[in-house]
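A short write-up of the structure that comes next.
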Amino acid sequence: ALFITFNFLIALIIKKSFFVRDFSFISFRKKIEKNFGIIFFSLVIIFVILTLFANNGGEINSEGEKIEIKVAAIQPNIHETWEWRQEHYELIADKAFNLTKQAVNEGAEIVVWPEYTIAVDFIQYREKFRNKVFKFAKENKVNLVIGTMLYDSQSGDHLDVALYINSFGEIIGRYDSISPASFNQNTFEAEEQKLISFNLRSNKLNVGTAICYEEFFGNIFSDAKKKDSNLFVVLSNNKDVGRGIYLASLYAKFRAAENNVPLIRSANNGISQIIAPNGRIIQELSKNQEGIIFSRISVSTD
């Protein structure tokens, strides 16, 4: 609204000054001088509001209780084929565990892993590994959002899944991609966005999720916001999109700003981001880097 008001004032000055038959720079200057007080006052008001907006982390509306939480995203940077990743999922998991441990040492309470970090259905078919994941979450007292898959052996189809595991080593829910990428063959489509809630220090954190190119679709995030989401997470595996990796990462900023909700984006080979509710990037990890991003963010609990 502020930018619209500012542009309106500039457009009004131009219209009144230039689009007249007897235009001259002398008449233009006189018009500026005549309306200088109004123009100056308007610009000062806009400047003050924008300053307050920036100093408040981009959140003009400060109503409601807020808590600070410590969040992180990992970027394992795996470039091998899908078949290799399925065969060596434990090696990839060890890398993910090590990166998560680094985030925990920084104080992270929630750590997000990318889409398809674990390229096998370890919930149904890998009991030993499943217990290893649960034990890791419990021992490190960390809440995890893990990109993985669920497999239907009869049909050969699978679900592109974000699995939510709390700090007690318990599955508290999962998000199934409602619009899986078109190049994912034999993938089920789920029906709706559903929020998963972490109980964090006596506060409920309602997390809205997007997987892969779902971040392109604003309705997925607005639906989550309507259901009282106060945190967004995006899980992505951008290995196959080339330079489109940069375009994809821009959408996360839009989704955070559109809904005034902080966002964590974990991408396999980039670009991972932690984004403030106004769309400002707090932390970012570049393309083809391995590592973590960590930050404290303010989350509304109303």
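If you're wondering about the labels, chains in the structure tokens are A, B, ... by order shown, residues count from 1 in each chain, ligands from 1 in order shown.
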
Worksheet entry | Residues within 7 Å of region 72-82 of chain A, only C-alpha atoms, excluding chain neighbours under 3 positions, as a list of chain:residue names | A:Arg85, A:Gln86, A:Lys95, A:Ala96, A:Leu99, A:Thr100, A:Ala103, A:Ala108, A:Ile110, A:Val111, A:Val112, A:Trp113, A:Lys239, A:Ile264, A:Arg265, A:Ser266, A:Ala267, A:Asn268, A:Asn269, A:Gly270, A:Ser272, A:Asn288, A:Gln289, A:Glu290, A:Gly291, A:Ile292, A:Ile293, A:Phe294, A:Ser295

Worksheet entry | Per-residue DSSP, region 141-270 of chain A, filtered to strand (DSSP E), as a VMD selection string | chain A and resid 143 to 151 158 to 165 171 to 176 196 to 200 203 to 211 231 to 236 263 to 267

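Contact shell of Arg174 (chain A) at 6 Å (only C-alpha atoms; same-chain neighbours under 3 positions omitted): A:Ala162, A:Leu163, A:Tyr164.
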
Item to complete: Pick out the closest residue to Glu170 (chain A) from this set: A:Phe136, A:Phe221, A:Trp84, A:Tyr213. Count only C-alpha atoms.
Response: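 The closest residue to Glu170 (chain A) is A:Phe136.
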
Worksheet entry | Interatomic distance (Å, one decimal) between CA of Asp160 (chain A) and CA of Ile297 (chain A) |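 If I compute the distance from CA of Asp160 (chain A) to CA of Ile297 (chain A), I get 27.5 Å.
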
Fill in: Distance in Å - CA of Tyr175 (chain A) versus CA of Ile271 (chain A)
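Separation of CA of Tyr175 (chain A) and CA of Ile271 (chain A): 21.5 Å.
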
Worksheet item: A:Ile211, A:Ala248, A:Val233, A:Val261: which is nearest Thr301 (chain A), counting only C-alpha atoms?
Response: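 Using only C-alpha atoms, Thr301 (chain A) sits closest to A:Val261.
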
Fill in: Neighbour list for Val161 (chain A) as a ChimeraX atom specification, cut-off 6 Å, only C-alpha atoms, skip fewer than 4 positions in-chain
/A:147-149,175-176
